[in-house]
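Have a look at query.cif below; it lists mmCIF, C-alpha atoms (C1' of nucleotides).
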data_structure
loop_
_atom_site.label_atom_id
_atom_site.label_comp_id
_atom_site.auth_asym_id
_atom_site.auth_seq_id
_atom_site.Cartn_x
_atom_site.Cartn_y
_atom_site.Cartn_z
CA MET A 1 31.54 -28.01 -7.02
CA ALA A 2 30.71 -31.50 -8.11
CA THR A 3 28.38 -31.97 -5.19
CA LYS A 4 26.43 -28.82 -5.85
CA HIS A 5 22.89 -29.73 -5.17
CA GLU A 6 20.65 -26.70 -5.50
CA ASP A 7 18.89 -26.56 -8.84
CA GLU A 8 20.39 -24.02 -11.13
CA PRO A 9 17.73 -21.33 -11.05
CA ARG A 10 15.90 -20.98 -14.35
CA TRP A 11 16.40 -17.29 -14.94
CA LEU A 12 14.02 -15.36 -17.09
CA THR A 13 14.95 -15.05 -20.73
CA ASP A 14 15.44 -11.58 -22.11
CA GLU A 15 11.97 -11.65 -23.61
CA GLU A 16 10.42 -12.81 -20.39
CA GLN A 17 12.23 -10.18 -18.44
CA GLN A 18 11.04 -7.55 -20.82
CA VAL A 19 7.46 -8.73 -20.44
CA TRP A 20 7.74 -8.94 -16.68
CA ARG A 21 9.10 -5.43 -16.29
CA THR A 22 6.52 -3.99 -18.56
CA TYR A 23 3.87 -5.81 -16.62
CA LEU A 24 5.14 -4.39 -13.34
CA GLN A 25 5.31 -0.89 -14.70
CA ALA A 26 1.93 -1.00 -16.36
CA THR A 27 0.09 -2.42 -13.38
CA MET A 28 1.77 0.03 -11.04
CA LEU A 29 1.02 2.99 -13.25
CA LEU A 30 -2.56 1.94 -13.82
CA ASP A 31 -3.29 1.33 -10.18
CA ASP A 32 -1.74 4.63 -9.17
CA HIS A 33 -3.66 6.38 -11.88
CA LEU A 34 -7.01 5.02 -10.78
CA ASP A 35 -6.20 5.58 -7.15
CA ARG A 36 -5.50 9.22 -7.74
CA GLN A 37 -8.51 9.69 -9.94
CA LEU A 38 -10.80 8.26 -7.31
CA GLN A 39 -9.08 10.02 -4.48
CA ARG A 40 -9.54 13.29 -6.29
CA ASP A 41 -13.11 12.74 -7.48
CA ALA A 42 -14.59 10.66 -4.71
CA LYS A 43 -12.24 10.98 -1.78
CA LEU A 44 -11.57 7.29 -1.50
CA PRO A 45 -8.92 4.82 -2.58
CA HIS A 46 -9.52 2.35 -5.35
CA LEU A 47 -9.92 -0.61 -3.07
CA TYR A 48 -12.57 1.12 -1.00
CA TYR A 49 -14.46 2.00 -4.12
CA ALA A 50 -14.30 -1.63 -5.16
CA LEU A 51 -15.83 -2.63 -1.84
CA LEU A 52 -18.74 -0.28 -2.37
CA VAL A 53 -19.25 -1.75 -5.83
CA GLN A 54 -19.36 -5.27 -4.47
CA LEU A 55 -21.84 -4.29 -1.82
CA GLY A 56 -23.93 -2.41 -4.35
CA GLU A 57 -24.31 -5.53 -6.44
CA ALA A 58 -25.00 -7.90 -3.58
CA PRO A 59 -28.59 -9.08 -3.02
CA ARG A 60 -29.80 -6.70 -0.36
CA ARG A 61 -26.79 -4.41 -0.64
CA ARG A 62 -25.20 -6.42 2.11
CA LEU A 63 -22.57 -9.09 2.47
CA ARG A 64 -20.97 -11.04 5.24
CA MET A 65 -17.54 -9.71 6.02
CA THR A 66 -15.77 -12.91 5.10
CA GLU A 67 -17.67 -13.16 1.84
CA LEU A 68 -16.80 -9.62 0.94
CA ALA A 69 -13.17 -10.20 1.77
CA LYS A 70 -13.14 -13.30 -0.39
CA GLN A 71 -14.68 -11.52 -3.35
CA ALA A 72 -12.34 -8.58 -3.04
CA LYS A 73 -9.33 -10.86 -2.55
CA ILE A 74 -8.17 -9.16 0.61
CA THR A 75 -7.61 -10.28 4.17
CA ARG A 76 -10.33 -10.02 6.77
CA SER A 77 -8.11 -7.76 8.79
CA ARG A 78 -7.72 -5.32 5.95
CA LEU A 79 -11.43 -5.41 5.36
CA SER A 80 -12.13 -4.73 9.02
CA HIS A 81 -10.08 -1.56 8.92
CA ALA A 82 -11.51 -0.53 5.58
CA VAL A 83 -15.11 -0.98 6.66
CA ALA A 84 -14.36 0.89 9.86
CA ARG A 85 -13.33 3.85 7.75
CA LEU A 86 -16.25 3.55 5.35
CA GLU A 87 -18.55 3.32 8.33
CA LYS A 88 -17.10 6.45 9.82
CA ASN A 89 -17.81 8.25 6.57
CA GLY A 90 -21.34 6.94 6.54
CA TRP A 91 -21.06 4.99 3.29
CA VAL A 92 -21.49 1.63 4.98
CA ARG A 93 -22.99 0.35 8.20
CA ARG A 94 -22.68 -2.91 10.06
CA GLU A 95 -25.31 -5.25 11.33
CA ASP A 96 -25.08 -8.43 13.34
CA CYS A 97 -25.78 -11.54 11.40
CA PRO A 98 -29.00 -13.12 12.67
CA SER A 99 -28.06 -16.73 12.00
CA ASP A 100 -24.50 -16.66 13.29
CA LYS A 101 -23.72 -14.47 16.25
CA ARG A 102 -20.07 -14.27 15.22
CA GLY A 103 -20.99 -12.81 11.88
CA GLN A 104 -21.30 -9.25 10.69
CA ASN A 105 -22.95 -7.90 7.61
CA ALA A 106 -21.57 -4.87 5.87
CA ILE A 107 -24.38 -2.86 4.32
CA LEU A 108 -24.18 -0.14 1.72
CA THR A 109 -26.06 2.93 2.98
CA GLU A 110 -28.14 5.24 0.84
CA ARG A 111 -25.40 7.78 1.15
CA GLY A 112 -22.85 5.21 0.07
CA ALA A 113 -24.93 4.36 -2.96
CA GLU A 114 -25.00 8.01 -3.92
CA VAL A 115 -21.25 8.38 -3.64
CA LEU A 116 -20.89 5.29 -5.76
CA ALA A 117 -23.28 6.61 -8.39
CA GLU A 118 -21.38 9.86 -8.56
CA ALA A 119 -17.97 8.28 -8.77
CA ALA A 120 -18.78 5.49 -11.19
CA PRO A 121 -18.93 7.38 -14.51
CA GLY A 122 -15.57 9.03 -13.98
CA HIS A 123 -14.01 5.82 -12.88
CA VAL A 124 -15.34 3.86 -15.82
CA ALA A 125 -14.13 6.58 -18.14
CA ALA A 126 -10.68 6.36 -16.63
CA VAL A 127 -10.57 2.59 -17.04
CA ARG A 128 -11.72 2.89 -20.64
CA GLN A 129 -9.26 5.58 -21.47
CA ALA A 130 -6.32 3.83 -19.88
CA LEU A 131 -7.11 0.31 -20.94
CA PHE A 132 -9.99 -0.70 -23.17
CA ASP A 133 -9.85 2.14 -25.63
CA ARG A 134 -6.25 1.29 -26.35
CA LEU A 135 -6.68 -2.40 -26.98
CA THR A 136 -8.08 -4.29 -29.94
CA PRO A 137 -10.93 -6.70 -29.25
CA GLU A 138 -8.48 -9.57 -29.66
CA GLN A 139 -6.16 -8.06 -27.10
CA GLN A 140 -9.01 -7.57 -24.68
CA LYS A 141 -9.99 -11.17 -25.06
CA SER A 142 -6.43 -12.31 -24.67
CA LEU A 143 -5.95 -10.20 -21.57
CA GLY A 144 -9.02 -11.74 -20.02
CA GLU A 145 -7.78 -15.25 -20.69
CA ILE A 146 -4.34 -14.56 -19.34
CA MET A 147 -5.56 -12.93 -16.18
CA LYS A 148 -8.00 -15.72 -15.60
CA ILE A 149 -5.17 -18.23 -15.71
CA VAL A 150 -3.07 -16.20 -13.32
CA ALA A 151 -5.90 -15.61 -10.89
CA GLU A 152 -6.88 -19.25 -10.82
CA GLY A 153 -3.33 -20.28 -10.22
CA LEU A 154 -3.10 -18.10 -7.15
CA GLN A 155 -6.49 -18.68 -5.66
CA PRO A 156 -5.86 -19.89 -2.11
CA CYS A 157 -6.94 -23.45 -2.85
CA GLU A 158 -10.37 -22.42 -3.98
CA ALA A 159 -10.69 -25.62 -5.98
CA GLY A 160 -13.46 -27.47 -4.27
CA ALA A 161 -13.38 -25.15 -1.32
CA ASP A 162 -17.13 -25.29 -1.09
CA LEU A 163 -17.06 -29.04 -1.43
CA PRO A 164 -15.80 -29.77 2.04
CA TRP A 165 -16.38 -33.50 1.67
CA LEU A 166 -13.42 -33.58 -0.74
CA ARG A 167 -10.96 -32.88 2.05
CA MET B 1 -35.17 14.90 -21.43
CA ALA B 2 -34.51 16.56 -24.72
CA THR B 3 -32.08 19.00 -23.16
CA LYS B 4 -30.13 16.39 -21.28
CA HIS B 5 -26.57 17.41 -21.73
CA GLU B 6 -24.20 15.21 -19.78
CA ASP B 7 -22.72 12.50 -21.91
CA GLU B 8 -24.27 9.18 -21.19
CA PRO B 9 -21.36 7.33 -19.67
CA ARG B 10 -20.15 4.48 -21.83
CA TRP B 11 -20.42 1.66 -19.36
CA LEU B 12 -18.34 -1.42 -19.75
CA THR B 13 -19.92 -4.26 -21.66
CA ASP B 14 -20.36 -7.54 -19.87
CA GLU B 15 -17.26 -8.91 -21.52
CA GLU B 16 -15.23 -5.86 -20.62
CA GLN B 17 -16.41 -6.01 -17.07
CA GLN B 18 -15.46 -9.61 -16.85
CA VAL B 19 -11.99 -8.86 -18.17
CA TRP B 20 -11.56 -5.90 -15.85
CA ARG B 21 -12.50 -7.80 -12.73
CA THR B 22 -10.31 -10.68 -13.59
CA TYR B 23 -7.49 -8.25 -14.21
CA LEU B 24 -7.98 -6.64 -10.81
CA GLN B 25 -8.11 -9.94 -9.04
CA ALA B 26 -5.13 -11.40 -10.82
CA THR B 27 -2.89 -8.39 -10.32
CA MET B 28 -3.87 -8.13 -6.69
CA LEU B 29 -3.29 -11.81 -6.03
CA LEU B 30 0.00 -11.83 -7.86
CA ASP B 31 1.37 -8.79 -6.12
CA ASP B 32 0.32 -10.07 -2.72
CA HIS B 33 1.84 -13.42 -3.51
CA LEU B 34 5.20 -11.98 -4.46
CA ASP B 35 5.14 -9.57 -1.57
CA ARG B 36 4.66 -12.37 0.90
CA GLN B 37 7.23 -14.58 -0.74
CA LEU B 38 9.86 -11.86 -0.56
CA GLN B 39 8.86 -10.79 2.91
CA ARG B 40 9.26 -14.33 4.09
CA ASP B 41 12.47 -15.16 2.25
CA ALA B 42 14.27 -11.86 2.17
CA LYS B 43 12.56 -9.67 4.74
CA LEU B 44 11.63 -6.96 2.31
CA PRO B 45 8.62 -5.91 0.26
CA HIS B 46 8.46 -6.40 -3.47
CA LEU B 47 9.02 -2.78 -4.30
CA TYR B 48 12.14 -2.59 -2.17
CA TYR B 49 13.49 -5.66 -3.86
CA ALA B 50 12.85 -4.02 -7.20
CA LEU B 51 14.87 -1.02 -6.12
CA LEU B 52 17.81 -3.22 -5.25
CA VAL B 53 17.53 -4.86 -8.65
CA GLN B 54 17.59 -1.53 -10.44
CA LEU B 55 20.60 -0.42 -8.48
CA GLY B 56 22.34 -3.71 -9.09
CA GLU B 57 22.03 -3.23 -12.82
CA ALA B 58 23.03 0.40 -12.89
CA PRO B 59 26.54 1.31 -14.10
CA ARG B 60 28.44 1.59 -10.86
CA ARG B 61 25.67 0.13 -8.74
CA ARG B 62 24.46 3.65 -8.20
CA LEU B 63 21.71 5.90 -9.45
CA ARG B 64 20.51 9.40 -8.84
CA MET B 65 17.40 9.40 -6.69
CA THR B 66 15.24 10.97 -9.33
CA GLU B 67 16.45 8.54 -11.97
CA LEU B 68 15.74 5.60 -9.73
CA ALA B 69 12.30 6.92 -8.94
CA LYS B 70 11.60 7.35 -12.63
CA GLN B 71 12.69 3.84 -13.49
CA ALA B 72 10.72 2.33 -10.67
CA LYS B 73 7.67 4.46 -11.46
CA ILE B 74 7.30 5.80 -7.98
CA THR B 75 7.32 9.25 -6.43
CA ARG B 76 10.48 10.78 -5.09
CA SER B 77 8.89 10.96 -1.68
CA ARG B 78 8.19 7.28 -1.62
CA LEU B 79 11.70 6.58 -2.77
CA SER B 80 13.14 8.78 -0.05
CA HIS B 81 11.38 6.81 2.63
CA ALA B 82 12.25 3.51 0.99
CA VAL B 83 15.93 4.31 0.66
CA ALA B 84 15.96 5.51 4.25
CA ARG B 85 14.82 2.08 5.29
CA LEU B 86 17.19 0.23 2.99
CA GLU B 87 19.99 2.39 4.27
CA LYS B 88 19.13 1.58 7.85
CA ASN B 89 19.34 -2.10 6.96
CA GLY B 90 22.68 -1.57 5.31
CA TRP B 91 21.62 -2.67 1.83
CA VAL B 92 22.07 0.78 0.34
CA ARG B 93 24.03 3.89 1.15
CA ARG B 94 23.79 7.47 -0.03
CA GLU B 95 26.41 9.73 -1.45
CA ASP B 96 26.31 13.34 -2.48
CA CYS B 97 26.34 13.92 -6.19
CA PRO B 98 29.58 15.68 -7.18
CA SER B 99 28.20 17.62 -10.12
CA ASP B 100 24.99 18.87 -8.56
CA LYS B 101 25.05 19.67 -4.89
CA ARG B 102 21.32 19.07 -4.61
CA GLY B 103 21.67 15.54 -5.88
CA GLN B 104 22.03 12.26 -4.08
CA ASN B 105 23.16 8.91 -5.37
CA ALA B 106 21.75 5.74 -3.95
CA ILE B 107 24.38 3.01 -3.98
CA LEU B 108 23.94 -0.71 -3.56
CA THR B 109 26.27 -1.96 -0.85
CA GLU B 110 28.09 -5.25 -0.88
CA ARG B 111 25.71 -6.47 1.72
CA GLY B 112 22.79 -5.36 -0.40
CA ALA B 113 24.16 -7.23 -3.37
CA GLU B 114 24.37 -10.38 -1.26
CA VAL B 115 20.81 -10.09 -0.09
CA LEU B 116 19.76 -9.60 -3.67
CA ALA B 117 21.71 -12.62 -4.84
CA GLU B 118 20.11 -14.74 -2.15
CA ALA B 119 16.60 -13.57 -2.81
CA ALA B 120 16.68 -13.60 -6.59
CA PRO B 121 16.36 -17.33 -7.32
CA GLY B 122 13.32 -17.75 -5.12
CA HIS B 123 11.73 -14.68 -6.52
CA VAL B 124 12.29 -15.69 -10.11
CA ALA B 125 10.91 -19.11 -9.33
CA ALA B 126 7.80 -17.53 -7.88
CA VAL B 127 7.29 -15.35 -10.93
CA ARG B 128 7.75 -18.33 -13.21
CA GLN B 129 5.43 -20.51 -11.28
CA ALA B 130 2.71 -17.91 -11.00
CA LEU B 131 2.97 -16.45 -14.47
CA PHE B 132 5.27 -17.68 -17.18
CA ASP B 133 4.92 -21.39 -16.61
CA ARG B 134 1.20 -21.05 -17.02
CA LEU B 135 1.18 -19.11 -20.26
CA THR B 136 1.81 -20.20 -23.82
CA PRO B 137 4.52 -18.33 -25.73
CA GLU B 138 1.80 -16.52 -27.67
CA GLN B 139 0.14 -15.43 -24.46
CA GLN B 140 3.43 -14.18 -23.09
CA LYS B 141 4.00 -12.17 -26.20
CA SER B 142 0.50 -10.83 -26.14
CA LEU B 143 0.79 -9.87 -22.48
CA GLY B 144 3.96 -7.97 -23.23
CA GLU B 145 2.32 -6.03 -26.02
CA ILE B 146 -0.73 -5.20 -24.01
CA MET B 147 1.20 -4.01 -21.00
CA LYS B 148 3.46 -1.94 -23.18
CA ILE B 149 0.47 -0.14 -24.59
CA VAL B 150 -0.97 0.49 -21.14
CA ALA B 151 2.32 1.67 -19.69
CA GLU B 152 2.96 4.04 -22.55
CA GLY B 153 -0.49 5.47 -22.27
CA LEU B 154 0.07 6.35 -18.64
CA GLN B 155 3.63 7.53 -18.80
CA PRO B 156 3.63 11.07 -17.40
CA CYS B 157 4.33 12.73 -20.74
CA GLU B 158 7.56 10.89 -21.31
CA ALA B 159 7.33 11.54 -25.04
CA GLY B 160 10.39 13.58 -25.88
CA ALA B 161 11.11 14.22 -22.24
CA ASP B 162 14.80 14.01 -22.91
CA LEU B 163 14.49 16.23 -25.94
CA PRO B 164 13.97 19.49 -24.10
CA TRP B 165 14.26 21.57 -27.25
CA LEU B 166 10.89 20.16 -28.37
CA ARG B 167 9.12 21.92 -25.55
"C1'" DC C 1 -21.76 -31.52 28.50
"C1'" DA C 2 -16.80 -30.53 29.01
"C1'" DG C 3 -12.87 -30.22 25.97
"C1'" DT C 4 -10.92 -29.09 21.86
"C1'" DC C 5 -10.54 -27.14 17.60
"C1'" DA C 6 -12.18 -24.23 13.92
"C1'" DT C 7 -14.52 -20.01 12.36
"C1'" DA C 8 -15.76 -14.90 12.27
"C1'" DC C 9 -14.22 -10.85 13.22
"C1'" DT C 10 -11.50 -7.06 15.68
"C1'" DT C 11 -7.62 -4.75 17.53
"C1'" DG C 12 -3.05 -2.33 18.21
"C1'" DA C 13 1.40 -1.68 16.74
"C1'" DA C 14 4.69 -1.49 13.18
"C1'" DA C 15 5.61 -0.80 8.40
"C1'" DC C 16 4.54 1.49 4.28
"C1'" DT C 17 2.47 5.20 1.22
"C1'" DT C 18 0.69 9.68 0.23
"C1'" DC C 19 0.31 14.45 0.57
"C1'" DA C 20 1.66 18.92 1.37
"C1'" DA C 21 5.32 21.65 2.87
"C1'" DG C 22 9.91 22.73 3.26
"C1'" DC C 23 15.07 23.42 2.37
"C1'" DA C 24 18.91 23.85 -0.63
"C1'" DC C 25 20.72 24.57 -4.80
"C1'" DT C 26 20.54 25.69 -10.02
"C1'" DA C 27 18.99 28.16 -14.08
"C1'" DC C 28 17.22 31.89 -16.19
"C1'" DC C 29 16.18 36.72 -16.96
"C1'" DT C 30 17.16 41.65 -16.74
"C1'" DA D 1 24.36 41.01 -9.21
"C1'" DG D 2 19.60 40.37 -7.80
"C1'" DG D 3 15.20 38.40 -8.38
"C1'" DT D 4 12.38 34.65 -9.73
"C1'" DA D 5 11.19 30.34 -11.02
"C1'" DG D 6 12.47 25.51 -11.31
"C1'" DT D 7 14.80 21.17 -9.77
"C1'" DG D 8 16.35 17.56 -6.33
"C1'" DC D 9 15.45 15.69 -2.40
"C1'" DT D 10 13.62 15.28 2.48
"C1'" DT D 11 10.37 15.52 6.18
"C1'" DG D 12 6.23 14.91 9.26
"C1'" DA D 13 1.67 13.84 9.62
"C1'" DA D 14 -2.27 11.38 8.17
"C1'" DG D 15 -4.04 7.42 6.01
"C1'" DT D 16 -3.55 2.46 4.74
"C1'" DT D 17 -1.85 -2.30 5.14
"C1'" DT D 18 0.22 -6.11 7.51
"C1'" DC D 19 1.16 -9.04 11.24
"C1'" DA D 20 0.37 -11.20 15.39
"C1'" DA D 21 -2.69 -11.58 19.03
"C1'" DG D 22 -7.11 -11.54 21.08
"C1'" DT D 23 -12.34 -12.26 21.84
"C1'" DA D 24 -16.42 -14.58 20.97
"C1'" DT D 25 -19.11 -18.08 18.93
"C1'" DG D 26 -19.93 -22.47 16.62
"C1'" DA D 27 -19.06 -27.43 15.80
"C1'" DC D 28 -17.43 -31.76 16.80
"C1'" DT D 29 -15.90 -35.55 19.97
"C1'" DG D 30 -15.95 -38.69 23.46
#
Give the structure from this file in structure tokens form.
Amino acid sequence: MATKHEDEPRWLTDEEQQVWRTYLQATMLLDDHLDRQLQRDAKLPHLYYALLVQLGEAPRRRLRMTELAKQAKITRSRLSHAVARLEKNGWVRREDCPSDKRGQNAILTERGAEVLAEAAPGHVAAVRQALFDRLTPEQQKSLGEIMKIVAEGLQPCEAGADLPWLR
Amino acid sequence: MATKHEDEPRWLTDEEQQVWRTYLQATMLLDDHLDRQLQRDAKLPHLYYALLVQLGEAPRRRLRMTELAKQAKITRSRLSHAVARLEKNGWVRREDCPSDKRGQNAILTERGAEVLAEAAPGHVAAVRQALFDRLTPEQQKSLGEIMKIVAEGLQPCEAGADLPWLR
DNA sequence: CAGTCATACTTGAAACTTCAAGCACTACCT
DNA sequence: AGGTAGTGCTTGAAGTTTCAAGTATGACTG
């Protein structure tokens, strides 16, 4: 007993636990909600929709696989499978990268852009209805700040990642 | 032009978009992070851990399937598969419900309770480190309020669900 | 320029989730 | 009682994600 070494775990307080559970429930419900909405209206899961959005905003509607994975915060493997499916549906096509023979570009097709344009209004409406329309401007701002902190804390060592001379 | 009928979709403002993307990234990163932590330390995904927690807190370490599904905000189907796996691992066992022959109780086994006890400290530490330790008390409070609003807005018509006489 | 290591991406299998049935039992209605 | 609808849970198949390799190319080193 006296030699017990392991740090006494700092359990969550009741308030923290309450917040944490509500967080889990809310994020789960929201993600499910959007997933179903998109599956119903556009025949694709939320993540796949997000990929189309990213591509749609990229310079020539194209992005290197790794870059896309980084932006979407998913693994390259997951992206590979996802793009394979999107490709099969004709929303996206691949192209070898000219400068680096290892590289691949994912490119949003015309057809993909159409699907995106059709799905977007409904999706935005769903996000509004479930989130923004229910929050005060202060809450929206606060949510943004909080999520920024969390995201930055979990970024896989992004700090100076494009400054390779700093280790 | 004059006869255009469809409502012009209310797109997200730049600020809203910023908040939304950060939200998506943060929630994705956090869930992945916890999933990996639990997978590594306890050999089970986050959701399965959450099920054990719920069972552990229930009166006699047992809960009707539907009740558990409701608390965990998942479908009965998903729960069925999940419990099947947990059962195979020996963390949970099933038992017929005495009062309703259709019903099943999921019960946390001794072994399951041990696994839970072993995994909990690490998990709590991860949650702290990724979330609570980074937020001010005001932010924590705010996050709780915001998530409560979102969760309640998406609850599948829970309002008065246990007051059947009100329709 | 051979050797070594890192990078870019893919692949197949296993694990997980979803969806649409399906089975068994209960509740209600006449 | 018999019929009908509803509830509780499970199942199998299809789709998605993860994990651990695997292939191919680039980059650096002596």
When the PyMOL selection byres ((chain C) within 12 of (chain A)) is applied to the file above, which residues end up in the set, as an MDAnalysis selection string?
chainID C and resid 7:12 17:19
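Atom CA of Trp91 of chain A sits 27.9 Å away from atom C1' of DT25 of chain D.
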Atom CA of Thr109 of chain A to atom CA of Gly56 of chain A: how many Å, to one decimal?
9.3 Å
Residues of chain D within 10 Å of chain B, counting all atoms listed in the file, what are they? List them as JSON, numbers by chain.
{"D": [7, 8, 9, 10, 11]}
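Using only C-alpha atoms (C1' of nucleotides), the protein and nucleic acid residues lying at most 12 Å from the point (-18.9, -29.6, 24.7) are DC1, DA2, DG3, DT4 and DC5 of chain C; DG26, DA27, DC28, DT29 and DG30 of chain D.
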Keeping C-alpha atoms (C1' of nucleotides), export the residues of the selection given above as an mmCIF file, in the frame of the given file.
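For reference, selection37.cif as written:
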data_model
loop_
_atom_site.group_PDB
_atom_site.id
_atom_site.type_symbol
_atom_site.label_atom_id
_atom_site.label_comp_id
_atom_site.auth_asym_id
_atom_site.auth_seq_id
_atom_site.Cartn_x
_atom_site.Cartn_y
_atom_site.Cartn_z
ATOM 1 C "C1'" DC C 1 -21.760 -31.520 28.500
ATOM 2 C "C1'" DA C 2 -16.800 -30.530 29.010
ATOM 3 C "C1'" DG C 3 -12.870 -30.220 25.970
ATOM 4 C "C1'" DT C 4 -10.920 -29.090 21.860
ATOM 5 C "C1'" DC C 5 -10.540 -27.140 17.600
ATOM 6 C "C1'" DG D 26 -19.930 -22.470 16.620
ATOM 7 C "C1'" DA D 27 -19.060 -27.430 15.800
ATOM 8 C "C1'" DC D 28 -17.430 -31.760 16.800
ATOM 9 C "C1'" DT D 29 -15.900 -35.550 19.970
ATOM 10 C "C1'" DG D 30 -15.950 -38.690 23.460
#
Hey, which bits of segment 11-55 of chain B sit within 9 Å of segment 127-132 of chain B, and for each residue what's the closest pair of atoms and how far apart in Å (one decimal), counting only C-alpha atoms, rows by chain and increasing number, as CSV?
residue,atom,partner,partner_atom,distance
B:Leu30,CA,B:Ala130,CA,7.4
B:His33,CA,B:Ala130,CA,8.8
B:Leu34,CA,B:Val127,CA,7.6
Counting all atoms listed in the file, collect the residues of chain B whose closest atom lies at most 6 Å from chain A, and write them out as an NGL selection string.
:B and (9 or 19 or 22-23 or 26 or 121 or 144 or 147-148 or 150-151)
Output of the PyMOL selection byres ((chain D and resi 4) around 10), listed as number ranges by chain
C: 28-29; D: 2-3, 5-6
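The spacing separating atom CA of Asp14 of chain B from atom CA of Arg36 of chain A amounts to 25.5 Å.
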Generate N, CA and C atoms for segment 75-92 of chain A and emit them as a PDB file, in the coordinates of the input.
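Okay, this is what ended up in part.pdb:
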ATOM      1  N   THR A  75      -7.515  -9.603   2.884  1.00  0.00           N
ATOM      2  CA  THR A  75      -7.610 -10.280   4.170  1.00  0.00           C
ATOM      3  C   THR A  75      -8.776  -9.724   4.985  1.00  0.00           C
ATOM      4  N   ARG A  76      -9.234 -10.495   5.918  1.00  0.00           N
ATOM      5  CA  ARG A  76     -10.330 -10.020   6.770  1.00  0.00           C
ATOM      6  C   ARG A  76      -9.870  -8.818   7.581  1.00  0.00           C
ATOM      7  N   SER A  77      -8.626  -8.876   8.009  1.00  0.00           N
ATOM      8  CA  SER A  77      -8.110  -7.760   8.790  1.00  0.00           C
ATOM      9  C   SER A  77      -8.184  -6.451   7.998  1.00  0.00           C
ATOM     10  N   ARG A  78      -7.700  -6.516   6.787  1.00  0.00           N
ATOM     11  CA  ARG A  78      -7.720  -5.320   5.950  1.00  0.00           C
ATOM     12  C   ARG A  78      -9.145  -4.834   5.765  1.00  0.00           C
ATOM     13  N   LEU A  79     -10.028  -5.779   5.554  1.00  0.00           N
ATOM     14  CA  LEU A  79     -11.430  -5.410   5.360  1.00  0.00           C
ATOM     15  C   LEU A  79     -11.990  -4.750   6.611  1.00  0.00           C
ATOM     16  N   SER A  80     -11.645  -5.291   7.766  1.00  0.00           N
ATOM     17  CA  SER A  80     -12.130  -4.730   9.020  1.00  0.00           C
ATOM     18  C   SER A  80     -11.770  -3.247   9.108  1.00  0.00           C
ATOM     19  N   HIS A  81     -10.518  -2.945   8.874  1.00  0.00           N
ATOM     20  CA  HIS A  81     -10.080  -1.560   8.920  1.00  0.00           C
ATOM     21  C   HIS A  81     -10.795  -0.721   7.863  1.00  0.00           C
ATOM     22  N   ALA A  82     -10.907  -1.276   6.682  1.00  0.00           N
ATOM     23  CA  ALA A  82     -11.510  -0.530   5.580  1.00  0.00           C
ATOM     24  C   ALA A  82     -12.973  -0.209   5.895  1.00  0.00           C
ATOM     25  N   VAL A  83     -13.695  -1.209   6.353  1.00  0.00           N
ATOM     26  CA  VAL A  83     -15.110  -0.980   6.660  1.00  0.00           C
ATOM     27  C   VAL A  83     -15.244   0.004   7.810  1.00  0.00           C
ATOM     28  N   ALA A  84     -14.322  -0.062   8.749  1.00  0.00           N
ATOM     29  CA  ALA A  84     -14.360   0.890   9.860  1.00  0.00           C
ATOM     30  C   ALA A  84     -14.307   2.322   9.312  1.00  0.00           C
ATOM     31  N   ARG A  85     -13.463   2.505   8.333  1.00  0.00           N
ATOM     32  CA  ARG A  85     -13.330   3.850   7.750  1.00  0.00           C
ATOM     33  C   ARG A  85     -14.577   4.214   6.958  1.00  0.00           C
ATOM     34  N   LEU A  86     -15.051   3.295   6.149  1.00  0.00           N
ATOM     35  CA  LEU A  86     -16.250   3.550   5.350  1.00  0.00           C
ATOM     36  C   LEU A  86     -17.447   3.821   6.252  1.00  0.00           C
ATOM     37  N   GLU A  87     -17.463   3.126   7.376  1.00  0.00           N
ATOM     38  CA  GLU A  87     -18.550   3.320   8.330  1.00  0.00           C
ATOM     39  C   GLU A  87     -18.480   4.726   8.914  1.00  0.00           C
ATOM     40  N   LYS A  88     -17.274   5.135   9.228  1.00  0.00           N
ATOM     41  CA  LYS A  88     -17.100   6.450   9.820  1.00  0.00           C
ATOM     42  C   LYS A  88     -17.567   7.543   8.848  1.00  0.00           C
ATOM     43  N   ASN A  89     -17.374   7.289   7.579  1.00  0.00           N
ATOM     44  CA  ASN A  89     -17.810   8.250   6.570  1.00  0.00           C
ATOM     45  C   ASN A  89     -19.294   8.137   6.255  1.00  0.00           C
ATOM     46  N   GLY A  90     -19.911   7.097   6.778  1.00  0.00           N
ATOM     47  CA  GLY A  90     -21.340   6.940   6.540  1.00  0.00           C
ATOM     48  C   GLY A  90     -21.696   6.266   5.229  1.00  0.00           C
ATOM     49  N   TRP A  91     -20.727   5.659   4.564  1.00  0.00           N
ATOM     50  CA  TRP A  91     -21.060   4.990   3.290  1.00  0.00           C
ATOM     51  C   TRP A  91     -21.571   3.575   3.542  1.00  0.00           C
ATOM     52  N   VAL A  92     -21.184   3.020   4.671  1.00  0.00           N
ATOM     53  CA  VAL A  92     -21.490   1.630   4.980  1.00  0.00           C
ATOM     54  C   VAL A  92     -21.895   1.552   6.436  1.00  0.00           C
TER      55      VAL A  92
END
